[in-house]
>>> print(open('structure_10.txt').read())   # compact mmCIF, C-alpha atoms
# COMPACT_ATOMS: atom_id res chain seq x y z
CA MET A 915 17.16 1.72 -19.06
CA TYR A 916 15.06 4.87 -18.79
CA PHE A 917 13.05 3.88 -21.86
CA ILE A 918 12.47 0.36 -20.51
CA THR A 919 11.42 1.72 -17.11
CA LYS A 920 8.86 4.04 -18.68
CA PHE A 921 7.57 1.25 -20.93
CA LEU A 922 7.15 -1.04 -17.90
CA GLU A 923 5.26 1.72 -16.04
CA LEU A 924 2.88 2.01 -19.00
CA SER A 925 2.45 -1.75 -19.21
CA GLN A 926 1.56 -1.88 -15.52
CA THR A 927 -1.10 0.87 -15.78
CA GLU A 928 -2.56 -0.78 -18.90
CA TYR A 929 -2.64 -4.25 -17.38
CA GLU A 930 -3.91 -3.32 -13.94
CA VAL A 931 -6.02 -0.20 -13.43
CA PRO A 932 -4.40 1.76 -10.60
CA VAL A 933 -6.55 2.34 -7.53
CA SER A 934 -6.60 5.87 -6.14
CA ASN A 935 -5.58 6.25 -2.49
CA CYS A 936 -7.35 9.38 -1.29
CA LYS A 937 -5.72 11.20 1.60
CA LYS A 938 -4.94 14.75 2.65
CA PHE A 939 -1.61 16.26 1.70
CA ASP A 940 0.03 19.65 1.27
CA ILE A 941 -0.14 20.45 -2.45
CA VAL A 942 1.81 23.72 -2.17
CA ASN A 943 4.84 22.02 -0.60
CA GLY A 944 4.46 19.18 -3.09
CA LEU A 945 4.58 21.52 -6.10
CA ASN A 946 7.55 23.45 -4.69
CA ALA A 947 9.42 20.17 -4.05
CA LEU A 948 8.63 19.00 -7.59
CA ILE A 949 10.13 22.16 -9.07
CA LYS A 950 13.24 21.97 -6.86
CA PHE A 951 13.74 18.32 -7.83
CA ASN A 952 13.57 19.15 -11.54
CA GLU A 953 15.79 22.21 -11.17
CA GLN A 954 18.49 19.89 -9.81
CA LEU A 955 17.82 17.08 -12.28
CA TYR A 956 17.96 19.43 -15.30
CA LYS A 957 20.36 22.07 -13.97
CA HIS A 958 22.44 21.76 -17.16
CA LYS A 959 19.54 23.30 -19.11
CA ASP A 960 18.76 27.02 -19.18
CA VAL A 961 15.20 26.67 -17.85
CA ARG A 962 13.29 29.27 -15.84
CA TRP A 963 10.41 28.17 -13.63
CA ALA A 964 7.13 29.91 -12.89
CA LEU A 965 4.76 28.59 -10.23
CA SER A 966 1.33 30.09 -9.72
CA ILE A 967 -1.24 28.80 -7.22
CA ASP A 968 -4.75 30.24 -7.04
CA SER A 969 -5.19 32.13 -3.77
CA ASN A 970 -8.48 30.25 -3.20
CA ILE A 971 -6.65 26.92 -2.95
CA LYS A 972 -5.95 25.74 0.56
CA ASN A 973 -2.56 24.16 1.17
CA THR A 974 -4.16 20.82 2.01
CA ILE A 975 -6.14 18.92 -0.60
CA SER A 976 -7.55 15.39 -0.73
CA SER A 977 -6.41 13.14 -3.53
CA ASP A 978 -3.79 10.51 -4.30
CA GLU A 979 -0.51 12.32 -3.67
CA GLU A 980 1.70 9.72 -5.38
CA MET A 981 -0.43 9.54 -8.51
CA ILE A 982 -0.57 13.33 -8.82
CA LYS A 983 3.17 13.57 -8.28
CA THR A 984 3.79 10.89 -10.95
CA VAL A 985 1.43 12.59 -13.42
CA LEU A 986 3.02 16.02 -12.98
CA GLN A 987 6.58 14.64 -13.01
CA ASN A 988 6.01 12.73 -16.24
CA VAL A 989 4.52 15.77 -17.99
CA ILE A 990 7.39 17.95 -16.77
CA GLU A 991 9.91 15.35 -17.98
CA VAL A 992 8.24 15.25 -21.40
CA ILE A 993 8.70 19.00 -21.66
CA LEU A 994 12.25 19.11 -20.26
CA LYS A 995 13.46 16.28 -22.48
CA SER A 996 12.26 18.27 -25.51
CA ILE A 997 13.71 21.69 -24.71
CA ASP A 998 17.14 23.14 -23.87
CA MET A 999 16.04 26.55 -22.65
CA GLY A 1000 13.01 28.67 -21.91
CA GLU A 1001 10.33 28.82 -19.27
CA VAL A 1002 8.25 26.04 -17.79
CA SER A 1003 5.12 27.30 -16.09
CA LEU A 1004 3.17 25.27 -13.53
CA ASN A 1005 -0.20 26.66 -12.49
CA LEU A 1006 -2.90 25.38 -10.17
CA ILE A 1007 -6.39 26.90 -10.16
CA LEU A 1008 -9.89 26.06 -9.02
CA PRO A 1009 -12.04 25.97 -12.15
CA ASP A 1010 -15.39 27.75 -12.02
CA GLU A 1011 -18.81 26.18 -12.67
CA GLU A 1012 -18.96 27.43 -16.25
CA PHE A 1013 -15.66 25.72 -17.07
CA LEU A 1014 -16.84 22.47 -15.43
CA ARG A 1015 -20.11 22.57 -17.39
CA ALA A 1016 -18.17 23.09 -20.62
CA LYS A 1017 -16.16 19.94 -19.78
CA ASP A 1018 -19.42 18.09 -18.97
CA LEU A 1019 -18.43 17.57 -15.31
CA ASP A 1020 -20.40 17.50 -12.08
CA THR A 1021 -20.46 21.09 -10.79
CA LYS A 1022 -21.14 19.87 -7.24
CA LYS A 1023 -17.62 18.44 -7.06
CA SER A 1024 -14.48 20.45 -6.43
CA TYR A 1025 -11.73 20.08 -9.04
CA LEU A 1026 -8.08 21.06 -9.29
CA HIS A 1027 -6.89 22.32 -12.67
CA PHE A 1028 -3.14 21.94 -13.23
CA THR A 1029 -1.57 23.50 -16.29
CA ILE A 1030 2.02 22.89 -17.32
CA SER A 1031 3.18 24.92 -20.27
CA SER A 1032 6.25 25.92 -22.20
CA SER A 1033 6.73 28.32 -25.06
CA SER A 1034 9.87 26.35 -25.96
CA LEU A 1035 8.05 23.07 -26.59
CA LEU A 1036 7.19 23.34 -30.25
CA LEU A 1037 4.77 20.76 -31.58
CA THR A 1038 3.33 20.04 -35.00
CA GLU A 1039 -0.03 18.57 -36.06
CA ASN A 1040 1.66 15.17 -36.43
CA ASP A 1041 2.91 15.36 -32.84
CA LEU A 1042 -0.60 15.98 -31.54
CA GLU A 1043 -2.12 13.02 -33.41
CA SER A 1044 -0.17 10.43 -31.43
CA MET A 1045 0.46 12.45 -28.27
CA PHE A 1046 -1.10 9.92 -25.86
CA ASP A 1047 -0.91 6.74 -27.96
CA PRO A 1048 2.50 5.13 -28.46
CA TYR A 1049 0.94 2.42 -30.64
CA LYS A 1050 0.07 4.96 -33.36
CA ILE A 1051 3.66 6.00 -33.92
CA VAL A 1052 4.85 4.44 -37.14
CA ASP A 1053 8.31 6.00 -37.27
CA THR A 1054 10.14 3.77 -34.78
CA THR A 1055 13.42 5.54 -35.49
CA ASN A 1056 12.17 8.58 -33.62
CA ARG A 1057 12.69 7.38 -30.04
CA LYS A 1058 11.97 10.82 -28.61
CA ASN A 1059 8.35 10.75 -29.87
CA ILE A 1060 7.88 7.13 -28.83
CA LEU A 1061 9.17 7.84 -25.33
CA ARG A 1062 6.96 10.93 -25.08
CA ALA A 1063 3.89 8.94 -26.15
CA ILE A 1064 4.69 6.15 -23.67
CA MET A 1065 5.06 8.62 -20.81
CA LEU A 1066 1.89 10.50 -21.75
CA ALA A 1067 -0.11 7.29 -22.19
CA ASN A 1068 0.90 6.38 -18.64
CA VAL A 1069 -0.15 9.86 -17.50
CA LYS A 1070 -3.51 9.44 -19.24
CA ASN A 1071 -4.07 6.10 -17.48
CA LEU A 1072 -3.25 7.60 -14.07
CA VAL A 1073 -5.47 10.65 -14.65
CA LYS A 1074 -8.30 8.32 -15.66
CA ALA A 1075 -7.76 6.32 -12.44
CA LEU A 1076 -8.12 9.62 -10.54
CA ASP A 1077 -11.42 10.20 -12.39
CA GLY A 1078 -9.91 13.22 -14.13
CA GLN A 1079 -9.23 14.52 -17.61
CA ILE A 1080 -6.11 15.50 -19.54
CA TRP A 1081 -5.77 17.40 -22.80
CA VAL A 1082 -3.23 19.48 -24.69
CA GLU A 1083 -3.75 22.97 -26.06
CA THR A 1084 -1.19 24.25 -28.48
CA GLN A 1085 -0.51 27.04 -30.85
CA ILE A 1086 1.47 25.15 -33.43
CA LEU A 1087 5.16 26.04 -33.16
CA LYS A 1088 4.42 28.71 -30.50
CA ASN A 1089 3.26 27.30 -27.16
CA THR A 1090 2.12 24.03 -25.63
CA CYS A 1091 -0.01 23.66 -22.52
CA PHE A 1092 -0.89 20.38 -20.80
CA ASN A 1093 -4.15 20.61 -18.84
CA ILE A 1094 -4.90 18.15 -16.05
CA LEU A 1095 -8.26 18.27 -14.26
CA ILE A 1096 -8.52 16.15 -11.12
CA PRO A 1097 -11.40 16.01 -8.62
CA ASN A 1098 -10.78 16.69 -4.96
CA CYS A 1099 -11.92 13.34 -3.55
CA GLU A 1100 -13.49 14.68 -0.33
CA THR A 1101 -16.21 16.72 -1.99
>>> encode(input="structure_10.txt", output="structure tokens")
Amino acid sequence: MYFITKFLELSQTEYEVPVSNCKKFDIVNGLNALIKFNEQLYKHKDVRWALSIDSNIKNTISSDEEMIKTVLQNVIEVILKSIDMGEVSLNLILPDEEFLRAKDLDTKKSYLHFTISSSSLLLTENDLESMFDPYKIVDTTNRKNILRAIMLANVKNLVKALDGQIWVETQILKNTCFNILIPNCET
């Protein structure tokens, strides 16, 4: 059922481009609630959590709260379904102008840069090739990789609807970091 639900979510975001609903919400409380939810959901795993929020970030931001929550939850689930122990780190920073220029983004806008990383999520080159595209996975016997690609394709569609970017940085078999860059819609 979980697999079917995630596949239907992907189908919906592919068929109909989601529309962002910009409003103010408390991102700090949202991130804390997200961690508490996952601590309970995955309490059988030996996972430590680290949350870091840039001191320059105000508690209230303007964006689509539900889309951001869905994006972050899906990335966290991808990590937690792949590990049994270790640390999951969730960070939120305000990127500087140099970083925005390097990403070819408008430096007049304000962006939020979420990173979700785990040293326990070990990926290979093959994993990275089909990370966001479930249709590239040839080995249909590996449901874990198919499910991960379905969830991340949905994440990619939602991030695109938010006018943001997502990418993965990894040191093969050492550390994996998901980067999500989303504009603050009031700037």
>>> residues_around(input="structure_10.txt", residues="Asn1071 in chain A", least_positions_apart="2", cutoff="12 Å", atoms="all atoms listed in the file", output="mmCIF file with C-alpha atoms, in the coordinates of the input")
data_model
loop_
_atom_site.group_PDB
_atom_site.id
_atom_site.type_symbol
_atom_site.label_atom_id
_atom_site.label_comp_id
_atom_site.auth_asym_id
_atom_site.auth_seq_id
_atom_site.Cartn_x
_atom_site.Cartn_y
_atom_site.Cartn_z
ATOM 1 C CA GLU A 923 5.260 1.720 -16.040
ATOM 2 C CA LEU A 924 2.880 2.010 -19.000
ATOM 3 C CA SER A 925 2.450 -1.750 -19.210
ATOM 4 C CA GLN A 926 1.560 -1.880 -15.520
ATOM 5 C CA THR A 927 -1.100 0.870 -15.780
ATOM 6 C CA GLU A 928 -2.560 -0.780 -18.900
ATOM 7 C CA TYR A 929 -2.640 -4.250 -17.380
ATOM 8 C CA GLU A 930 -3.910 -3.320 -13.940
ATOM 9 C CA VAL A 931 -6.020 -0.200 -13.430
ATOM 10 C CA PRO A 932 -4.400 1.760 -10.600
ATOM 11 C CA VAL A 933 -6.550 2.340 -7.530
ATOM 12 C CA SER A 934 -6.600 5.870 -6.140
ATOM 13 C CA MET A 981 -0.430 9.540 -8.510
ATOM 14 C CA ILE A 982 -0.570 13.330 -8.820
ATOM 15 C CA THR A 984 3.790 10.890 -10.950
ATOM 16 C CA VAL A 985 1.430 12.590 -13.420
ATOM 17 C CA PHE A 1046 -1.100 9.920 -25.860
ATOM 18 C CA ASP A 1047 -0.910 6.740 -27.960
ATOM 19 C CA ILE A 1064 4.690 6.150 -23.670
ATOM 20 C CA MET A 1065 5.060 8.620 -20.810
ATOM 21 C CA LEU A 1066 1.890 10.500 -21.750
ATOM 22 C CA ALA A 1067 -0.110 7.290 -22.190
ATOM 23 C CA ASN A 1068 0.900 6.380 -18.640
ATOM 24 C CA VAL A 1069 -0.150 9.860 -17.500
ATOM 25 C CA VAL A 1073 -5.470 10.650 -14.650
ATOM 26 C CA LYS A 1074 -8.300 8.320 -15.660
ATOM 27 C CA ALA A 1075 -7.760 6.320 -12.440
ATOM 28 C CA LEU A 1076 -8.120 9.620 -10.540
ATOM 29 C CA ASP A 1077 -11.420 10.200 -12.390
ATOM 30 C CA GLY A 1078 -9.910 13.220 -14.130
ATOM 31 C CA GLN A 1079 -9.230 14.520 -17.610
ATOM 32 C CA ILE A 1080 -6.110 15.500 -19.540
#
>>> closest_residue(input="structure_10.txt", among="A:Glu1083, A:Asp960, A:Asp978, A:Asp940", to="Ile1096 in chain A", atoms="only C-alpha atoms")
A:Asp978
>>> closest_residue(input="structure_10.txt", among="A:Ile1030, A:Leu1072, A:Ile975, A:Ile990", to="Lys937 in chain A", atoms="only C-alpha atoms")
A:Ile975
>>> atom_distance(input="structure_10.txt", atom1="CA of Pro1097 in chain A", atom2="CA of Val992 in chain A")
23.4 Å
>>> residues_near_point(input="structure_10.txt", point="(15.5, 28.1, -20.1)", cutoff="12 Å", atoms="all atoms listed in the file", output="list in words")
Glu953, Tyr956, Lys957, His958, Lys959, Asp960, Val961, Arg962, Trp963, Ala964, Ile993, Leu994, Ser996, Ile997, Asp998, Met999, Gly1000, Glu1001, Val1002, Ser1003, Ser1032, Ser1033, Ser1034 and Leu1035 of chain A
>>> atom_distance(input="structure_10.txt", atom1="CA of Lys938 in chain A", atom2="CA of Phe1028 in chain A")
17.5 Å
>>> residues_around(input="structure_10.txt", residues="Leu1006 in chain A", least_positions_apart="4", cutoff="8 Å", atoms="all atoms listed in the file", output="short mmCIF file (atom, residue, chain, number, x, y, z; two decimals) with C-alpha atoms, in the frame of the given file")
data_model
loop_
_atom_site.label_atom_id
_atom_site.label_comp_id
_atom_site.auth_asym_id
_atom_site.auth_seq_id
_atom_site.Cartn_x
_atom_site.Cartn_y
_atom_site.Cartn_z
CA SER A 966 1.33 30.09 -9.72
CA ILE A 967 -1.24 28.80 -7.22
CA ASP A 968 -4.75 30.24 -7.04
CA LEU A 1026 -8.08 21.06 -9.29
CA HIS A 1027 -6.89 22.32 -12.67
CA PHE A 1028 -3.14 21.94 -13.23
CA THR A 1029 -1.57 23.50 -16.29
#
>>> closest_residue(input="structure_10.txt", among="A:Thr1084, A:Gln987, A:Thr1090, A:Asn1098", to="Asn952 in chain A", atoms="all atoms listed in the file")
A:Gln987
>>> atom_distance(input="structure_10.txt", atom1="CA of Cys1099 in chain A", atom2="CA of Tyr1025 in chain A")
8.7 Å
